[in-house]
Amino acid sequence: MSAYMLFDRKNSTDLFRRISGAVLPIIITLAALLAADYCFFLCYRSSVYKNFDQFKDLIETPLGNTWGKPLTVLQSRIGWMKTDKSNSYVKFSGTKPPGVIRIGCFGDSLTYGDEVSEGCDYPAQIQKIFSENGYENIEVINFGMPWSGFHQNYILWEEVGSKYQLDYVILGPVVYYDRDATFNPSILYGYRQFLPYLHSRYILKKGPGVKLIDPVGSTSRERAEAYLRYIPYARYLRYDREAPFFMISPVACLFAGKKVRNPFYYRKDIHKEMNRIYGILYDRISDKSTSDILLCHYDKEIISIGEKVKKDNFTAMPLDIPRYFPYKAPYGHYSVYGNEYIAHQIYASLTGAPAAGFGIIKTESLSPGSGIDEDAGVEKPLNECSDISIRIGGEIFGRFYECDPGTDEKEDTAKKSFPGVSVLIAFKDKHAGILESVFIPADFEIKDGTDILIRVSRNFSKKTAVLGKARAAAPGIGIVTADIGKDVYFYPYDGKNLEIGKLNRPAGIRIRKGDKLELIINGNTVFSGKALNDDLKAVFDLGDKKGILVAPGMDEKGRIRDIKYGSGEIYIAFDDSAGIRREIPAGVWKKEKMGTVSCHPSRMIKKTGR
């Protein structure tokens, strides 16, 4: 063997050793990371499956007549559907009676009627208004689906609703882009374990048009297992806006609530994607339907998409939807007043008649400190009061409701008294009334004018400054307002997070993204959180506290207070420790006539028929 060959073999061996020495640690590190990631995945999947069995029956809700389509196919495409309302489509025959005009309402939980009693959803309110105005031949059918997006609404119309001989189809009033960009909308609210919500969605083709993508699996269990795979199916990797589980599992285990977007998603701009899909589906429903289609929405962008549909049977109608008391329910849906207000607008559009003299109620808070007795001193602790309510003219107009995501009935969480609570601290947008506040309970007393402090922690340094003042909201009772910023949002789905769009700027302290924040009153930390950016946006975790909101109160029959046109004062009423009923001013109200509805379908409803 030549010396050259010996030399070459020696060099090759040295080179192999050097490469191995450099690459092997990388391979070992990657293998360790992959193993750790898979362990996170197994842990996360286990936690999800613990909840699966209790939720899987959600998808077994009867879908009514399947019109020849296998039930499993409909369930796969539509997902979970609640059909327990008396006006649900499953209660109606596909063949309408002679002379009857049918109206079908398609939408999400707002159409279904979450947070209101039977007969108080907006489709039921439309039925009631027609009846009160002498229309005896109207049937209004509720096709609402909680947690749904417009893709599911369209599928339900095409597969089921189109078989009901509908004369009018109402679309709206709310459409969620994010819900339509995922196969499981419960992901958006941190409820990944609600796997029965899995449904189909539309995507854009490379050419013109859209394509329907179904979930993998024929049963709810098979769909859950396919969706929860460590190595995802291509359809989920490409067409689900939410990240695959091999990415989300460690984040979910280590950083609860952290959002992770899918880097493999086939489109960059979700708004452009959804706007194109919606436009195509609007065209489809108008082409395939003999019904008059009325797209009802509060978002100008959605209305502008509908206005581009140049079909005689398609009308885009802007809705006026108040999102304040008394039109909003505790968990973010519409109250009875809100549903009634929507129904009157749709009735006016379908008939061309004025809105039956219907009006809108607006409330305003008293000016800070107005009506406060200077000799009152410390406000009366709430734990000395009972049967607390909001009243107008001596009658109940609203109550305090504890935001508890574990119950669907807000009446179960009505706070008629506050044992162990001295004060409710009302956090609100500076332009909103006190009745739109998020109330946080505290077990210590607060005087009018008390400083609200913010403590900012960064690395090993802590600085404290005044963020605002606590002001008595009403005389003689433990409710104070805390103006600490603007755009105050509360997320009632988990009952924990209070987000401030922009905090007041504390003197002498600069708040940066990631800083730990503590809100302190009278030496007590009310809650803590962190800064989301350098522009003073922050989110606070309420911990074991539950936010409390005000919503309209109803009597035992679900009836609401009918307020005549005019104005007056709003009172907080309570029985004090001596059992004496007291009413203290908390704001003012006025009722004005609703504006004219100018958008009408090409064929409007007349009392003698259509």
# chains A, B, ... in the order shown; residues from 1 in each chain; ligands from 1
call {"tool": "residues_around", "arguments": {"residues": "segment 500-505 of chain A", "least_positions_apart": "4", "cutoff": "6 Å", "atoms": "only C-alpha atoms", "output": "list in words"}}
result
Ile484, Gly485, Lys486, Asp487, Val488, Leu536, Lys537 and Ala538 of chain A
call {"tool": "write_last_selection", "arguments": {"atoms": "all heavy atoms", "output": "compact mmCIF listing (two decimals), in the first residue's frame"}}
result
# COMPACT_ATOMS: atom_id res chain seq x y z
N ILE A 484 -58.63 54.64 34.45
CA ILE A 484 -57.18 54.38 34.33
C ILE A 484 -56.73 54.28 32.88
O ILE A 484 -55.57 54.00 32.62
CB ILE A 484 -56.79 53.10 35.08
CG1 ILE A 484 -57.49 51.88 34.49
CG2 ILE A 484 -57.08 53.23 36.57
CD1 ILE A 484 -56.98 50.56 35.05
N GLY A 485 -57.64 54.48 31.94
CA GLY A 485 -57.26 54.40 30.54
C GLY A 485 -58.48 54.38 29.64
O GLY A 485 -59.60 54.62 30.08
N LYS A 486 -58.27 54.11 28.37
CA LYS A 486 -59.39 54.07 27.42
C LYS A 486 -59.41 52.72 26.70
O LYS A 486 -58.41 51.99 26.67
CB LYS A 486 -59.31 55.20 26.41
CG LYS A 486 -58.12 55.14 25.47
CD LYS A 486 -58.17 56.32 24.49
CE LYS A 486 -57.03 56.27 23.48
NZ LYS A 486 -57.09 57.36 22.51
N ASP A 487 -60.55 52.42 26.10
CA ASP A 487 -60.78 51.14 25.43
C ASP A 487 -60.59 49.98 26.41
O ASP A 487 -59.64 49.21 26.33
CB ASP A 487 -59.85 50.96 24.22
CG ASP A 487 -60.08 52.00 23.14
OD1 ASP A 487 -61.23 52.47 23.04
OD2 ASP A 487 -59.13 52.36 22.44
N VAL A 488 -61.51 49.89 27.36
CA VAL A 488 -61.47 48.85 28.38
C VAL A 488 -62.31 47.67 27.90
O VAL A 488 -63.49 47.81 27.61
CB VAL A 488 -62.01 49.37 29.73
CG1 VAL A 488 -61.99 48.26 30.77
CG2 VAL A 488 -61.21 50.57 30.20
N LEU A 536 -48.55 51.57 25.90
CA LEU A 536 -49.36 51.50 27.11
C LEU A 536 -50.58 50.60 27.01
O LEU A 536 -51.53 50.75 27.77
CB LEU A 536 -49.79 52.92 27.55
CG LEU A 536 -48.65 53.90 27.84
CD1 LEU A 536 -49.21 55.27 28.17
CD2 LEU A 536 -47.80 53.40 28.99
N LYS A 537 -50.59 49.67 26.05
CA LYS A 537 -51.65 48.67 26.02
C LYS A 537 -51.30 47.59 27.03
O LYS A 537 -50.16 47.14 27.09
CB LYS A 537 -51.80 48.07 24.62
CG LYS A 537 -52.97 47.10 24.50
CD LYS A 537 -53.16 46.64 23.06
CE LYS A 537 -54.38 45.72 22.95
NZ LYS A 537 -54.61 45.29 21.55
N ALA A 538 -52.29 47.15 27.82
CA ALA A 538 -51.99 46.20 28.89
C ALA A 538 -53.15 45.23 29.08
O ALA A 538 -54.30 45.53 28.76
CB ALA A 538 -51.72 46.93 30.20
call {"tool": "select_by_dssp", "arguments": {"residues": "segment 126-269 of chain A", "states": "helix (DSSP H, G or I)", "output": "ChimeraX atom specification"}}
result
/A:126-132,150-159,161-163,177-180,185-189,195-197,220-227,234-239,245-254
call {"tool": "write_last_selection", "arguments": {"atoms": "C-alpha atoms", "output": "short mmCIF file (atom, residue, chain, number, x, y, z; two decimals), in the first residue's frame"}}
result
data_model
loop_
_atom_site.label_atom_id
_atom_site.label_comp_id
_atom_site.auth_asym_id
_atom_site.auth_seq_id
_atom_site.Cartn_x
_atom_site.Cartn_y
_atom_site.Cartn_z
CA ILE A 126 -89.47 39.54 14.42
CA GLN A 127 -92.34 37.03 14.63
CA LYS A 128 -93.83 38.94 17.55
CA ILE A 129 -93.65 42.32 15.76
CA PHE A 130 -95.34 40.94 12.64
CA SER A 131 -98.13 39.45 14.77
CA GLU A 132 -98.62 42.68 16.71
CA PHE A 150 -70.46 32.47 7.76
CA HIS A 151 -69.03 29.38 6.03
CA GLN A 152 -71.14 27.18 8.32
CA ASN A 153 -74.16 29.44 7.83
CA TYR A 154 -73.82 29.02 4.07
CA ILE A 155 -73.41 25.24 4.36
CA LEU A 156 -76.52 25.01 6.57
CA TRP A 157 -78.49 27.11 4.06
CA GLU A 158 -77.31 25.06 1.09
CA GLU A 159 -77.70 21.62 2.68
CA GLY A 161 -82.28 25.75 4.71
CA SER A 162 -82.76 25.84 0.95
CA LYS A 163 -85.24 22.93 1.31
CA TYR A 177 -63.23 36.16 9.96
CA ASP A 178 -61.20 34.09 12.44
CA ARG A 179 -63.93 31.49 12.88
CA ASP A 180 -64.00 30.89 9.13
CA PRO A 185 -63.49 28.01 16.24
CA SER A 186 -63.22 27.15 19.94
CA ILE A 187 -59.43 27.49 19.55
CA LEU A 188 -59.87 31.25 19.33
CA TYR A 189 -61.12 31.43 22.91
CA LEU A 195 -63.40 19.26 19.58
CA PRO A 196 -67.04 18.59 18.60
CA TYR A 197 -67.00 22.12 17.13
CA SER A 220 -66.74 12.82 16.16
CA ARG A 221 -64.04 10.64 17.76
CA GLU A 222 -62.30 9.99 14.43
CA ARG A 223 -62.38 13.71 13.62
CA ALA A 224 -60.94 14.56 17.03
CA GLU A 225 -58.12 12.02 16.69
CA ALA A 226 -57.30 13.19 13.17
CA TYR A 227 -57.26 16.81 14.25
CA ALA A 234 -51.91 18.49 4.91
CA ARG A 235 -55.34 20.17 4.92
CA TYR A 236 -54.89 21.31 8.52
CA LEU A 237 -51.30 22.38 7.98
CA ARG A 238 -52.21 24.49 4.93
CA TYR A 239 -55.75 25.65 5.62
CA PHE A 245 -50.20 20.86 17.56
CA PHE A 246 -46.46 20.15 17.40
CA MET A 247 -46.04 23.94 17.58
CA ILE A 248 -48.82 24.84 19.96
CA SER A 249 -48.34 22.08 22.57
CA PRO A 250 -45.20 23.42 24.31
CA VAL A 251 -46.57 26.95 24.16
CA ALA A 252 -49.92 25.85 25.61
CA CYS A 253 -48.18 23.93 28.43
CA LEU A 254 -45.66 26.64 29.30
#
call {"tool": "residues_around", "arguments": {"residues": "segment 361-363 of chain A", "least_positions_apart": "6", "cutoff": "10 Å", "atoms": "only C-alpha atoms", "output": "VMD selection string"}}
result
chain A and resid 322 324 to 327 337 432 to 436 563 to 570 587 to 594
call {"tool": "atom_distance", "arguments": {"atom1": "atom CA of Leu110 of chain A", "atom2": "atom CA of Asn87 of chain A"}}
result
14.4 Å
call {"tool": "select_by_dssp", "arguments": {"residues": "segment 431-559 of chain A", "states": "strand (DSSP E or B)", "output": "ChimeraX atom specification"}}
result
/A:438-442,450-458,461-472,479-482,485-491,497-503,516-521,524-531,538-541,548-552
call {"tool": "closest_residue", "arguments": {"among": "A:Val309, A:Ile572, A:Val216, A:Cys43", "to": "Asp287 of chain A", "atoms": "only C-alpha atoms"}}
result
A:Val309
call {"tool": "closest_residue", "arguments": {"among": "A:Asp320, A:Glu518, A:Asp443, A:Asp544", "to": "Ser457 of chain A", "atoms": "only C-alpha atoms"}}
result
A:Glu518
call {"tool": "atom_distance", "arguments": {"atom1": "atom CA of Lys462 of chain A", "atom2": "atom CA of Val539 of chain A"}}
result
18.6 Å
call {"tool": "residues_around", "arguments": {"residues": "Arg276 of chain A", "least_positions_apart": "4", "cutoff": "10 Å", "atoms": "only C-alpha atoms", "output": "list in words"}}
result
Ile203, Leu204, Gly209, Val210, Ile270, His271, Lys272, Ile280, Leu281, Tyr282 and Ile305 of chain A
call {"tool": "write_last_selection", "arguments": {"atoms": "N, CA and C atoms", "output": "PDB file, in the first residue's frame"}}
result
ATOM      1  N   ILE A 203     -62.040  27.425   1.057  1.00  0.00           N
ATOM      2  CA  ILE A 203     -60.764  28.067   0.745  1.00  0.00           C
ATOM      3  C   ILE A 203     -60.833  28.614  -0.674  1.00  0.00           C
ATOM      4  N   LEU A 204     -59.924  29.500  -1.002  1.00  0.00           N
ATOM      5  CA  LEU A 204     -59.839  30.043  -2.357  1.00  0.00           C
ATOM      6  C   LEU A 204     -59.074  29.079  -3.253  1.00  0.00           C
ATOM      7  N   GLY A 209     -63.161  31.054  -7.920  1.00  0.00           N
ATOM      8  CA  GLY A 209     -64.029  30.176  -7.148  1.00  0.00           C
ATOM      9  C   GLY A 209     -63.450  29.732  -5.825  1.00  0.00           C
ATOM     10  N   VAL A 210     -64.238  28.927  -5.102  1.00  0.00           N
ATOM     11  CA  VAL A 210     -63.850  28.426  -3.786  1.00  0.00           C
ATOM     12  C   VAL A 210     -64.018  26.914  -3.760  1.00  0.00           C
ATOM     13  N   ILE A 270     -55.754  37.556   6.042  1.00  0.00           N
ATOM     14  CA  ILE A 270     -57.013  36.875   6.309  1.00  0.00           C
ATOM     15  C   ILE A 270     -58.204  37.712   5.868  1.00  0.00           C
ATOM     16  N   HIS A 271     -58.097  39.045   5.965  1.00  0.00           N
ATOM     17  CA  HIS A 271     -59.213  39.896   5.569  1.00  0.00           C
ATOM     18  C   HIS A 271     -59.455  39.820   4.064  1.00  0.00           C
ATOM     19  N   LYS A 272     -58.395  39.904   3.290  1.00  0.00           N
ATOM     20  CA  LYS A 272     -58.548  39.810   1.840  1.00  0.00           C
ATOM     21  C   LYS A 272     -59.091  38.442   1.444  1.00  0.00           C
ATOM     22  N   ILE A 280     -67.924  35.590  -3.055  1.00  0.00           N
ATOM     23  CA  ILE A 280     -68.271  34.435  -3.909  1.00  0.00           C
ATOM     24  C   ILE A 280     -69.493  33.710  -3.354  1.00  0.00           C
ATOM     25  N   LEU A 281     -69.546  33.518  -2.034  1.00  0.00           N
ATOM     26  CA  LEU A 281     -70.678  32.818  -1.431  1.00  0.00           C
ATOM     27  C   LEU A 281     -71.951  33.656  -1.493  1.00  0.00           C
ATOM     28  N   TYR A 282     -71.827  34.984  -1.359  1.00  0.00           N
ATOM     29  CA  TYR A 282     -73.002  35.850  -1.528  1.00  0.00           C
ATOM     30  C   TYR A 282     -73.574  35.698  -2.933  1.00  0.00           C
ATOM     31  N   ILE A 305     -69.011  44.545   0.762  1.00  0.00           N
ATOM     32  CA  ILE A 305     -68.902  43.302  -0.018  1.00  0.00           C
ATOM     33  C   ILE A 305     -70.273  42.928  -0.571  1.00  0.00           C
TER      34      ILE A 305
END
call {"tool": "residues_around", "arguments": {"residues": "Cys599 of chain A", "least_positions_apart": "3", "cutoff": "9 Å", "atoms": "only C-alpha atoms", "output": "list in words"}}
result
Thr315, Ala316, Met317, Pro318, Ser349, Leu350 and Gly352 of chain A
call {"tool": "write_last_selection", "arguments": {"atoms": "all heavy atoms", "output": "PDB file, in the first residue's frame"}}
result
ATOM      1  N   THR A 315     -79.874  42.132  -1.033  1.00  0.00           N
ATOM      2  CA  THR A 315     -79.815  43.487  -0.482  1.00  0.00           C
ATOM      3  C   THR A 315     -78.902  43.507   0.731  1.00  0.00           C
ATOM      4  O   THR A 315     -79.002  42.637   1.609  1.00  0.00           O
ATOM      5  CB  THR A 315     -81.212  43.977  -0.055  1.00  0.00           C
ATOM      6  OG1 THR A 315     -82.100  43.898  -1.167  1.00  0.00           O
ATOM      7  CG2 THR A 315     -81.164  45.414   0.450  1.00  0.00           C
ATOM      8  N   ALA A 316     -78.005  44.472   0.789  1.00  0.00           N
ATOM      9  CA  ALA A 316     -77.118  44.655   1.949  1.00  0.00           C
ATOM     10  C   ALA A 316     -77.660  45.801   2.799  1.00  0.00           C
ATOM     11  O   ALA A 316     -77.797  46.929   2.325  1.00  0.00           O
ATOM     12  CB  ALA A 316     -75.692  44.946   1.490  1.00  0.00           C
ATOM     13  N   MET A 317     -77.972  45.510   4.037  1.00  0.00           N
ATOM     14  CA  MET A 317     -78.613  46.488   4.923  1.00  0.00           C
ATOM     15  C   MET A 317     -77.736  46.773   6.137  1.00  0.00           C
ATOM     16  O   MET A 317     -77.496  45.887   6.964  1.00  0.00           O
ATOM     17  CB  MET A 317     -79.966  45.949   5.393  1.00  0.00           C
ATOM     18  CG  MET A 317     -80.629  46.787   6.474  1.00  0.00           C
ATOM     19  SD  MET A 317     -82.053  45.934   7.171  1.00  0.00           S
ATOM     20  CE  MET A 317     -82.364  46.950   8.620  1.00  0.00           C
ATOM     21  N   PRO A 318     -77.223  47.992   6.277  1.00  0.00           N
ATOM     22  CA  PRO A 318     -76.443  48.333   7.484  1.00  0.00           C
ATOM     23  C   PRO A 318     -77.339  48.316   8.721  1.00  0.00           C
ATOM     24  O   PRO A 318     -78.440  48.882   8.707  1.00  0.00           O
ATOM     25  CB  PRO A 318     -75.939  49.754   7.189  1.00  0.00           C
ATOM     26  CG  PRO A 318     -76.162  49.973   5.728  1.00  0.00           C
ATOM     27  CD  PRO A 318     -77.321  49.123   5.343  1.00  0.00           C
ATOM     28  N   SER A 349     -87.383  47.035   7.313  1.00  0.00           N
ATOM     29  CA  SER A 349     -86.803  46.815   5.991  1.00  0.00           C
ATOM     30  C   SER A 349     -87.690  45.909   5.130  1.00  0.00           C
ATOM     31  O   SER A 349     -87.906  46.172   3.948  1.00  0.00           O
ATOM     32  CB  SER A 349     -85.413  46.185   6.131  1.00  0.00           C
ATOM     33  OG  SER A 349     -84.859  45.884   4.876  1.00  0.00           O
ATOM     34  N   LEU A 350     -88.242  44.847   5.723  1.00  0.00           N
ATOM     35  CA  LEU A 350     -89.036  43.884   4.970  1.00  0.00           C
ATOM     36  C   LEU A 350     -90.400  44.425   4.576  1.00  0.00           C
ATOM     37  O   LEU A 350     -90.982  43.994   3.576  1.00  0.00           O
ATOM     38  CB  LEU A 350     -89.225  42.599   5.785  1.00  0.00           C
ATOM     39  CG  LEU A 350     -87.982  41.750   6.047  1.00  0.00           C
ATOM     40  CD1 LEU A 350     -88.334  40.562   6.927  1.00  0.00           C
ATOM     41  CD2 LEU A 350     -87.347  41.279   4.746  1.00  0.00           C
ATOM     42  N   GLY A 352     -91.255  48.009   4.676  1.00  0.00           N
ATOM     43  CA  GLY A 352     -91.275  49.399   4.240  1.00  0.00           C
ATOM     44  C   GLY A 352     -92.008  50.301   5.203  1.00  0.00           C
ATOM     45  O   GLY A 352     -92.141  51.513   4.965  1.00  0.00           O
TER      46      GLY A 352
END
call {"tool": "closest_residue", "arguments": {"among": "A:Ser422, A:Asn497, A:Gln125, A:Thr464", "to": "Lys545 of chain A", "atoms": "only C-alpha atoms"}}
result
A:Asn497
call {"tool": "closest_residue", "arguments": {"among": "A:Ala329, A:Ile511, A:Ala470, A:Ile396", "to": "Asp534 of chain A", "atoms": "only C-alpha atoms"}}
result
A:Ile511
call {"tool": "atom_distance", "arguments": {"atom1": "atom CA of Lys300 of chain A", "atom2": "atom CA of Asn275 of chain A"}}
result
12.1 Å
call {"tool": "residues_around", "arguments": {"residues": "Glu583 of chain A", "least_positions_apart": "6", "cutoff": "12 Å", "atoms": "only C-alpha atoms", "output": "list in words"}}
result
Cys385, Asp387, Ile388, Ser389, Ile390, Arg391, Ile392, Gly393, Gly394, Glu395, Ile396, Ala474, Pro475, Gly476, Ile477, Glu569, Ile570, Tyr571, Ile572, Ala573, Phe574, Asp575 and Asp576 of chain A
call {"tool": "residues_around", "arguments": {"residues": "Ser461 of chain A", "least_positions_apart": "5", "cutoff": "12 Å", "atoms": "only C-alpha atoms", "output": "list in words"}}
result
Arg455, Val456, Ile509, Asp515 and Lys516 of chain A
call {"tool": "write_last_selection", "arguments": {"atoms": "all heavy atoms", "output": "mmCIF file, in the first residue's frame"}}
result
data_model
loop_
_atom_site.group_PDB
_atom_site.id
_atom_site.type_symbol
_atom_site.label_atom_id
_atom_site.label_comp_id
_atom_site.auth_asym_id
_atom_site.auth_seq_id
_atom_site.Cartn_x
_atom_site.Cartn_y
_atom_site.Cartn_z
ATOM 1 N N ARG A 455 -47.644 49.857 39.858
ATOM 2 C CA ARG A 455 -46.270 49.462 40.138
ATOM 3 C C ARG A 455 -45.727 48.741 38.906
ATOM 4 O O ARG A 455 -46.306 47.761 38.448
ATOM 5 C CB ARG A 455 -46.195 48.555 41.358
ATOM 6 C CG ARG A 455 -44.765 48.083 41.688
ATOM 7 C CD ARG A 455 -44.773 47.145 42.872
ATOM 8 N NE ARG A 455 -45.175 47.842 44.076
ATOM 9 C CZ ARG A 455 -45.708 47.244 45.145
ATOM 10 N NH1 ARG A 455 -45.932 45.937 45.124
ATOM 11 N NH2 ARG A 455 -46.045 47.939 46.212
ATOM 12 N N VAL A 456 -44.635 49.255 38.382
ATOM 13 C CA VAL A 456 -44.024 48.710 37.170
ATOM 14 C C VAL A 456 -42.734 47.996 37.545
ATOM 15 O O VAL A 456 -41.836 48.601 38.134
ATOM 16 C CB VAL A 456 -43.741 49.828 36.143
ATOM 17 C CG1 VAL A 456 -43.141 49.238 34.871
ATOM 18 C CG2 VAL A 456 -45.014 50.601 35.834
ATOM 19 N N ILE A 509 -42.632 57.502 34.907
ATOM 20 C CA ILE A 509 -42.361 56.096 34.610
ATOM 21 C C ILE A 509 -42.650 55.818 33.141
ATOM 22 O O ILE A 509 -43.683 56.224 32.619
ATOM 23 C CB ILE A 509 -43.224 55.153 35.474
ATOM 24 C CG1 ILE A 509 -42.919 55.339 36.956
ATOM 25 C CG2 ILE A 509 -42.977 53.691 35.083
ATOM 26 C CD1 ILE A 509 -43.732 54.436 37.849
ATOM 27 N N ASP A 515 -43.287 44.564 30.578
ATOM 28 C CA ASP A 515 -43.188 44.981 31.978
ATOM 29 C C ASP A 515 -44.322 44.355 32.799
ATOM 30 O O ASP A 515 -45.465 44.253 32.330
ATOM 31 C CB ASP A 515 -43.290 46.500 32.095
ATOM 32 C CG ASP A 515 -42.005 47.202 31.670
ATOM 33 O OD1 ASP A 515 -41.001 46.501 31.451
ATOM 34 O OD2 ASP A 515 -42.017 48.441 31.542
ATOM 35 N N LYS A 516 -44.007 43.943 34.023
ATOM 36 C CA LYS A 516 -45.026 43.455 34.933
ATOM 37 C C LYS A 516 -45.709 44.653 35.578
ATOM 38 O O LYS A 516 -45.050 45.598 36.032
ATOM 39 C CB LYS A 516 -44.411 42.567 36.019
ATOM 40 C CG LYS A 516 -45.435 42.009 36.999
ATOM 41 C CD LYS A 516 -44.791 41.168 38.085
ATOM 42 C CE LYS A 516 -45.839 40.699 39.089
ATOM 43 N NZ LYS A 516 -45.245 39.897 40.191
#
